[in-house]
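The next block is my_file_3.cif, given as mmCIF, C-alpha atoms.
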data_data
#
loop_
_atom_site.label_atom_id
_atom_site.label_comp_id
_atom_site.auth_asym_id
_atom_site.auth_seq_id
_atom_site.Cartn_x
_atom_site.Cartn_y
_atom_site.Cartn_z
CA MET A 1 20.70 8.59 -3.93
CA ALA A 2 17.26 9.12 -2.43
CA LYS A 3 15.76 5.84 -1.22
CA LEU A 4 12.14 5.20 -2.07
CA ILE A 5 9.78 2.28 -1.45
CA ILE A 6 7.76 1.92 -4.67
CA CYS A 7 4.58 0.16 -3.62
CA ALA A 8 2.10 -1.39 -6.07
CA ASP A 9 -1.44 -1.77 -4.76
CA ASP A 10 -4.20 -4.33 -5.40
CA TYR A 11 -2.20 -7.52 -5.98
CA ALA A 12 -4.65 -10.45 -6.44
CA GLN A 13 -7.44 -8.20 -7.73
CA SER A 14 -6.96 -9.44 -11.30
CA PRO A 15 -4.46 -11.37 -13.45
CA ALA A 16 -3.55 -8.20 -15.36
CA ILE A 17 -2.63 -6.40 -12.15
CA ASP A 18 -0.66 -9.38 -10.85
CA ALA A 19 1.31 -9.72 -14.09
CA ALA A 20 2.26 -6.05 -14.09
CA ILE A 21 3.36 -6.05 -10.46
CA LEU A 22 5.43 -9.22 -10.80
CA ALA A 23 7.14 -7.92 -13.94
CA LEU A 24 7.97 -4.61 -12.27
CA ILE A 25 9.38 -6.39 -9.22
CA GLU A 26 11.60 -8.46 -11.50
CA ARG A 27 12.77 -5.23 -13.20
CA GLY A 28 13.73 -3.76 -9.82
CA VAL A 29 11.20 -0.93 -10.13
CA VAL A 30 8.50 -2.04 -7.65
CA THR A 31 9.76 -2.95 -4.18
CA ALA A 32 6.49 -3.61 -2.31
CA ALA A 33 3.25 -5.34 -3.30
CA SER A 34 0.03 -4.86 -1.34
CA CYS A 35 -2.17 -7.97 -1.44
CA MET A 36 -5.94 -8.33 -1.32
CA THR A 37 -6.00 -11.58 0.59
CA LEU A 38 -9.78 -12.11 0.53
CA SER A 39 -9.89 -12.00 -3.26
CA PRO A 40 -11.06 -15.30 -4.78
CA ASP A 41 -7.81 -15.21 -6.79
CA TRP A 42 -5.56 -14.84 -3.75
CA SER A 43 -4.55 -18.50 -3.42
CA GLY A 44 -3.27 -18.68 -6.99
CA SER A 45 -1.77 -15.20 -6.87
CA ALA A 46 0.10 -16.06 -3.69
CA ARG A 47 1.86 -18.99 -5.36
CA ALA A 48 3.54 -16.55 -7.75
CA LEU A 49 5.13 -14.71 -4.81
CA THR A 50 8.17 -16.96 -4.81
CA PRO A 51 11.19 -16.57 -2.52
CA ALA A 52 12.97 -14.84 -5.42
CA ILE A 53 10.16 -12.28 -5.63
CA ARG A 54 10.18 -11.75 -1.87
CA GLU A 55 13.92 -11.19 -1.95
CA HIS A 56 13.34 -8.09 -4.07
CA ALA A 57 10.05 -6.78 -2.68
CA ASP A 58 8.12 -6.55 0.56
CA ILE A 59 4.80 -8.37 0.43
CA GLY A 60 2.04 -6.88 2.55
CA VAL A 61 -1.67 -6.97 3.32
CA HIS A 62 -3.84 -4.39 1.53
CA LEU A 63 -6.56 -4.18 4.17
CA ASP A 64 -9.96 -4.26 2.46
CA PHE A 65 -13.37 -3.20 3.72
CA THR A 66 -15.00 -2.28 0.40
CA GLN A 67 -14.40 -4.95 -2.24
CA PHE A 68 -13.77 -8.58 -1.21
CA SER A 69 -14.30 -8.47 2.56
CA HIS A 70 -16.86 -10.83 4.12
CA THR A 71 -17.76 -9.88 7.68
CA ILE A 72 -18.17 -6.17 6.92
CA ARG A 73 -18.31 -4.41 3.56
CA TYR A 74 -19.48 -0.94 2.60
CA PRO A 75 -19.03 1.44 -0.32
CA HIS A 76 -16.05 3.66 0.53
CA SER A 77 -18.04 6.83 1.17
CA LEU A 78 -20.41 5.03 3.54
CA LEU A 79 -17.51 3.30 5.30
CA VAL A 80 -15.89 6.68 5.92
CA LEU A 81 -19.12 8.17 7.28
CA ARG A 82 -19.79 5.21 9.56
CA SER A 83 -16.23 5.16 10.86
CA LEU A 84 -16.14 8.91 11.54
CA SER A 85 -19.46 8.66 13.38
CA GLY A 86 -18.24 5.66 15.40
CA VAL A 87 -21.03 3.28 14.40
CA LEU A 88 -18.96 0.57 12.72
CA ASN A 89 -19.46 -2.84 14.30
CA ARG A 90 -16.18 -3.23 16.17
CA GLN A 91 -16.29 -7.02 16.35
CA ALA A 92 -16.95 -7.25 12.62
CA VAL A 93 -13.97 -4.96 12.03
CA VAL A 94 -11.76 -7.16 14.20
CA ASP A 95 -12.97 -10.34 12.49
CA ASN A 96 -12.34 -8.85 9.05
CA ILE A 97 -8.77 -7.84 9.87
CA GLN A 98 -8.02 -11.22 11.44
CA GLN A 99 -9.39 -13.03 8.36
CA GLN A 100 -7.11 -11.07 6.04
CA LEU A 101 -4.02 -11.64 8.15
CA ASP A 102 -4.92 -15.33 8.54
CA ALA A 103 -5.30 -15.68 4.76
CA PHE A 104 -1.91 -14.07 4.19
CA GLU A 105 -0.14 -16.29 6.71
CA LEU A 106 -1.83 -19.45 5.45
CA ALA A 107 -0.64 -18.78 1.90
CA MET A 108 2.78 -17.27 2.62
CA GLN A 109 3.73 -19.07 5.84
CA THR A 110 5.10 -15.82 7.28
CA PRO A 111 3.68 -12.61 8.72
CA PRO A 112 3.22 -9.79 6.21
CA ASP A 113 6.14 -7.44 5.74
CA TYR A 114 3.78 -4.50 6.14
CA VAL A 115 0.12 -3.49 6.23
CA ASP A 116 -1.68 -0.70 4.39
CA GLY A 117 -5.26 -0.15 3.28
CA HIS A 118 -7.28 -0.33 0.08
CA LEU A 119 -8.52 3.26 -0.34
CA HIS A 120 -6.51 4.05 2.82
CA VAL A 121 -9.16 2.45 5.06
CA HIS A 122 -6.56 1.28 7.60
CA GLN A 123 -6.30 4.77 9.08
CA LEU A 124 -10.02 5.34 9.66
CA PRO A 125 -11.40 5.56 13.21
CA VAL A 126 -12.36 2.19 14.73
CA ILE A 127 -10.37 0.36 12.03
CA ARG A 128 -7.00 1.87 12.97
CA GLU A 129 -7.43 1.09 16.69
CA ALA A 130 -8.47 -2.49 15.94
CA LEU A 131 -5.60 -2.92 13.47
CA VAL A 132 -2.87 -1.75 15.84
CA ASN A 133 -4.25 -3.86 18.70
CA ILE A 134 -4.32 -6.94 16.47
CA LEU A 135 -0.80 -6.31 15.15
CA GLN A 136 0.46 -5.98 18.71
CA GLU A 137 -1.23 -9.22 19.75
CA ARG A 138 -0.02 -11.19 16.73
CA TYR A 139 3.45 -9.75 16.14
CA GLY A 140 4.43 -7.79 19.24
CA HIS A 141 6.70 -10.66 20.33
CA LEU A 142 8.92 -10.19 17.26
CA PRO A 143 12.03 -7.99 17.40
CA PHE A 144 11.13 -4.35 16.71
CA ALA A 145 12.75 -4.25 13.27
CA GLU A 146 11.06 -7.50 12.18
CA ARG A 147 7.49 -6.52 12.97
CA PRO A 148 5.29 -5.54 10.02
CA TRP A 149 5.59 -1.87 9.24
CA LEU A 150 2.64 0.40 8.51
CA ARG A 151 2.20 2.55 5.43
CA ILE A 152 0.95 5.95 6.52
CA SER A 153 -1.05 8.11 4.10
CA SER A 154 0.81 11.31 4.94
CA PRO A 155 1.55 13.55 1.92
CA PRO A 156 4.36 16.09 1.61
CA PRO A 157 3.68 19.81 2.10
CA GLY A 158 2.12 21.44 -0.93
CA SER A 159 0.18 18.35 -2.02
CA GLY A 160 -3.25 18.73 -3.56
CA LEU A 161 -6.66 18.59 -1.91
CA LYS A 162 -7.15 14.85 -2.48
CA ALA A 163 -3.89 14.02 -0.68
CA ARG A 164 -4.74 16.37 2.19
CA ILE A 165 -8.16 14.80 2.66
CA ILE A 166 -6.64 11.32 2.76
CA HIS A 167 -4.20 12.54 5.40
CA TRP A 168 -6.95 14.23 7.42
CA LEU A 169 -8.91 10.98 7.71
CA GLY A 170 -6.46 9.65 10.27
CA ALA A 171 -2.79 9.58 9.29
CA GLU A 172 -1.48 11.40 12.36
CA LYS A 173 -3.58 9.35 14.78
CA LEU A 174 -2.40 6.11 13.18
CA LYS A 175 1.20 7.29 13.55
CA ARG A 176 0.68 7.89 17.26
CA LEU A 177 -0.97 4.50 17.74
CA ALA A 178 1.82 2.71 15.85
CA ASN A 179 4.48 4.57 17.81
CA ALA A 180 2.91 3.69 21.17
CA ALA A 181 2.55 0.03 20.15
CA GLY A 182 6.14 -0.26 18.91
CA PHE A 183 5.64 -0.55 15.15
CA ARG A 184 7.62 1.24 12.48
CA PHE A 185 5.77 3.35 9.96
CA SER A 186 6.61 5.14 6.75
CA PRO A 187 7.16 8.90 7.11
CA LEU A 188 5.56 9.99 3.85
CA LEU A 189 3.28 8.85 1.02
CA LEU A 190 3.70 10.05 -2.55
CA GLY A 191 1.73 8.96 -5.60
CA VAL A 192 -1.68 10.52 -4.97
CA TYR A 193 -3.26 11.94 -8.14
CA ASP A 194 -6.61 12.07 -9.92
CA PHE A 195 -6.01 9.02 -12.17
CA GLU A 196 -6.55 11.20 -15.23
CA GLY A 197 -4.32 11.82 -18.25
CA ASP A 198 -2.02 9.96 -20.62
CA ALA A 199 1.48 8.58 -20.23
CA ALA A 200 3.07 12.01 -20.53
CA ALA A 201 0.87 13.29 -17.72
CA TYR A 202 1.77 10.35 -15.48
CA GLN A 203 5.48 10.83 -16.17
CA ALA A 204 5.03 14.49 -15.21
CA HIS A 205 3.49 13.38 -11.91
CA TRP A 206 6.57 11.26 -11.24
CA MET A 207 8.83 14.22 -11.91
CA SER A 208 6.81 16.30 -9.45
CA TRP A 209 6.89 13.57 -6.78
CA VAL A 210 10.63 13.15 -7.11
CA LYS A 211 11.10 16.90 -6.81
CA GLN A 212 9.06 16.87 -3.60
CA LEU A 213 11.08 13.95 -2.30
CA LYS A 214 14.39 15.70 -2.89
CA GLN A 215 13.21 18.86 -1.14
CA LEU A 216 12.20 17.11 2.08
CA SER A 217 14.16 16.36 5.21
CA TYR A 218 13.05 14.23 8.14
CA ALA A 219 13.59 14.56 11.84
CA PRO A 220 14.61 11.33 13.60
CA GLY A 221 11.60 9.41 14.84
CA PRO A 222 10.07 5.95 15.19
CA GLU A 223 9.99 5.64 11.40
CA ALA A 224 13.81 5.89 11.34
CA GLY A 225 15.15 3.48 8.76
CA LEU A 226 11.99 3.54 6.64
CA PRO A 227 12.15 5.63 3.47
CA PRO A 228 9.12 7.41 1.99
CA VAL A 229 6.63 5.34 0.00
CA LEU A 230 5.32 6.05 -3.49
CA MET A 231 2.19 4.08 -4.30
CA CYS A 232 1.21 3.00 -7.81
CA HIS A 233 -1.50 0.89 -9.46
CA PRO A 234 -0.15 -0.70 -12.66
CA ALA A 235 -1.88 -3.34 -14.77
CA ARG A 236 -1.02 -4.92 -18.11
CA PRO A 237 -3.33 -3.93 -20.97
CA THR A 238 -6.26 -6.26 -21.64
CA GLN A 239 -8.59 -6.58 -24.62
CA LYS A 240 -11.63 -5.95 -22.45
CA ILE A 241 -11.55 -3.10 -19.92
CA ASP A 242 -12.99 -3.95 -16.53
CA SER A 243 -16.06 -1.74 -16.28
CA ASP A 244 -16.23 -2.33 -12.51
CA ASP A 245 -12.76 -0.86 -11.98
CA PRO A 246 -12.93 2.95 -11.93
CA ILE A 247 -9.18 3.29 -12.53
CA ALA A 248 -8.78 0.58 -15.17
CA ILE A 249 -7.48 3.00 -17.81
CA ALA A 250 -5.11 4.70 -15.37
CA ARG A 251 -3.64 1.32 -14.42
CA MET A 252 -2.66 0.64 -18.03
CA VAL A 253 -1.19 4.14 -18.39
CA GLU A 254 0.93 3.56 -15.28
CA TRP A 255 2.15 0.26 -16.72
CA GLN A 256 2.99 1.95 -20.02
CA VAL A 257 5.27 4.37 -18.20
CA MET A 258 6.81 2.17 -15.52
CA GLN A 259 7.65 -0.86 -17.67
CA SER A 260 9.76 1.08 -20.16
CA ALA A 261 13.54 0.97 -20.21
CA ASP A 262 13.46 4.76 -20.38
CA PHE A 263 11.69 4.89 -17.02
CA SER A 264 14.24 2.64 -15.34
CA ALA A 265 17.02 4.80 -16.76
CA TRP A 266 15.22 7.94 -15.60
CA LEU A 267 15.09 6.64 -12.01
CA GLY A 268 18.87 6.29 -12.09
CA ILE A 269 19.38 9.73 -13.62
CA ALA A 270 17.07 11.19 -10.94
CA ASP A 271 19.17 9.49 -8.24
CA ILE A 272 16.24 7.39 -6.99
CA GLN A 273 17.04 4.02 -5.45
CA PRO A 274 13.99 1.72 -5.12
CA VAL A 275 14.31 -0.21 -1.84
CA LYS A 276 12.35 -2.46 0.49
CA GLY A 277 11.20 -1.31 3.89
CA SER A 278 11.67 -4.61 5.72
CA VAL A 279 14.95 -5.74 7.21
CA LYS A 280 14.21 -9.43 7.74
CA GLY A 281 17.36 -11.42 7.14
CA ASP A 282 19.49 -8.30 6.66
CA THR A 283 22.74 -7.92 8.51
#
Just give me the structure as structure tokens.
Amino acid sequence: MAKLIICADDYAQSPAIDAAILALIERGVVTAASCMTLSPDWSGSARALTPAIREHADIGVHLDFTQFSHTIRYPHSLLVLRSLSGVLNRQAVVDNIQQQLDAFELAMQTPPDYVDGHLHVHQLPVIREALVNILQERYGHLPFAERPWLRISSPPPGSGLKARIIHWLGAEKLKRLANAAGFRFSPLLLGVYDFEGDAAAYQAHWMSWVKQLKQLSYAPGPEAGLPPVLMCHPARPTQKIDSDDPIAIARMVEWQVMQSADFSAWLGIADIQPVKGSVKGDT
């Protein structure tokens, strides 16, 4: 069976998102949850991440510079422009990353299992260098396999323009930084799409992603032992749609597909084994 880390983004953004992610972890579908630790809901959301939940899923920090962050916050397009031009305030970047890791550790009493980025901001210039330096300072003393791993936004060959742009913004450079610092990273990211369409369209995306996964082979490297990652953004349906969330409808469509018994059965028929990336406590 092909192993796959199925990673749900934006935990702690809203109760509907939290409920969907927790339910999918309990079903054995989602195996990683990326947390927005500066959200005002984070403290309560963190309490739901019980030891039983953590046994079945990695819990990581979804590094945020656009939504809940305090020391530095920009709209995504402006953040990208400022990072590419090198004019981000480096100390503010460092402070923001430290705050999010501190908030995670305060609530969970452990380091995160992994780190990724809301809108893939963790791989942008200035941010990626600060992030890897901070991870090395905070967790470099841990055994190699127990350090937080990094989710890299690197799509498979033949992916669409959106996936290629995300990759171009810094995936390869983040890989090199992580490798030099001694941190594992995922070899591949699936799950990029335009957030359009109904349940049938989203199921078709899954079929395409699984086909890509089965066609790929990987050379041994520092990511050895980490399977590819497929990101998702499910949320339970609500009576009132969040007008501030541009993918609110897509979240409910993803939930509609992923929560069904048919989807769980389909994963088995497709020979996909959802797994964690961390090895803490494994023997």
Worksheet item: Between CA of Met207 in chain A and CA of Ala265 in chain A, what is the spacing in Å?
Response: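 CA of Met207 in chain A lies at a distance of 13.4 Å from CA of Ala265 in chain A.
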Worksheet item: Quick one: which residues end up in the PyMOL selection byres ((chain A and resi 193-204) around 8) for this structure, as a list in words?
Response: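 Evaluating the PyMOL selection byres ((chain A and resi 193-204) around 8) on these coordinates yields Lys162, Ala163, Gly191, Val192, His205, Trp206, Met207, Ser208, Ile247, Ala250, Val253, Glu254, Gln256 and Val257 of chain A.
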Fill in: Target residues per the PyMOL selection byres ((chain A and resi 148) around 6), formatted as JSON, numbers by chain
{"A": [113, 114, 147, 149]}
Discussion item. Which residues would end up in the selection if the PyMOL selection byres ((chain A and resi 29) around 10) were applied here, given that I need the answer as a list in words?
Written reply: Ile5, Ile6, Cys7, Ala8, Ile21, Ala23, Leu24, Ile25, Glu26, Arg27, Gly28, Val30, Thr31, Ala32, His56, Ala57, Met258, Gln259, Phe263, Ser264, Leu267, Gln273, Pro274 and Val275 of chain A
Discussion item. Given the point (-3.2, -0.9, 15.6) in the file's coordinates, find the residues that have an atom at most 12 Å from it, counting all atoms listed in the file, and give them as a PyMOL selection string.
Written reply: chain A and resi 94+97+115-116+122-140+148-150+173-185
Write the residues of the preceding selection, restricted to C-alpha atoms, as a short mmCIF file (atom, residue, chain, number, x, y, z; two decimals), keeping the file's coordinate frame.
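Generated file (out01.cif):
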data_model
loop_
_atom_site.label_atom_id
_atom_site.label_comp_id
_atom_site.auth_asym_id
_atom_site.auth_seq_id
_atom_site.Cartn_x
_atom_site.Cartn_y
_atom_site.Cartn_z
CA VAL A 94 -11.76 -7.16 14.20
CA ILE A 97 -8.77 -7.84 9.87
CA VAL A 115 0.12 -3.49 6.23
CA ASP A 116 -1.68 -0.70 4.39
CA HIS A 122 -6.56 1.28 7.60
CA GLN A 123 -6.30 4.77 9.08
CA LEU A 124 -10.02 5.34 9.66
CA PRO A 125 -11.40 5.56 13.21
CA VAL A 126 -12.36 2.19 14.73
CA ILE A 127 -10.37 0.36 12.03
CA ARG A 128 -7.00 1.87 12.97
CA GLU A 129 -7.43 1.09 16.69
CA ALA A 130 -8.47 -2.49 15.94
CA LEU A 131 -5.60 -2.92 13.47
CA VAL A 132 -2.87 -1.75 15.84
CA ASN A 133 -4.25 -3.86 18.70
CA ILE A 134 -4.32 -6.94 16.47
CA LEU A 135 -0.80 -6.31 15.15
CA GLN A 136 0.46 -5.98 18.71
CA GLU A 137 -1.23 -9.22 19.75
CA ARG A 138 -0.02 -11.19 16.73
CA TYR A 139 3.45 -9.75 16.14
CA GLY A 140 4.43 -7.79 19.24
CA PRO A 148 5.29 -5.54 10.02
CA TRP A 149 5.59 -1.87 9.24
CA LEU A 150 2.64 0.40 8.51
CA LYS A 173 -3.58 9.35 14.78
CA LEU A 174 -2.40 6.11 13.18
CA LYS A 175 1.20 7.29 13.55
CA ARG A 176 0.68 7.89 17.26
CA LEU A 177 -0.97 4.50 17.74
CA ALA A 178 1.82 2.71 15.85
CA ASN A 179 4.48 4.57 17.81
CA ALA A 180 2.91 3.69 21.17
CA ALA A 181 2.55 0.03 20.15
CA GLY A 182 6.14 -0.26 18.91
CA PHE A 183 5.64 -0.55 15.15
CA ARG A 184 7.62 1.24 12.48
CA PHE A 185 5.77 3.35 9.96
#
Fill in: Residue neighbourhood Ser153 in chain A, 9 Å, all atoms listed in the file, exclusion window fewer than 5 positions, as a PyMOL selection string
chain A and resi 116+120+123+163+166-167+170-172+186-190
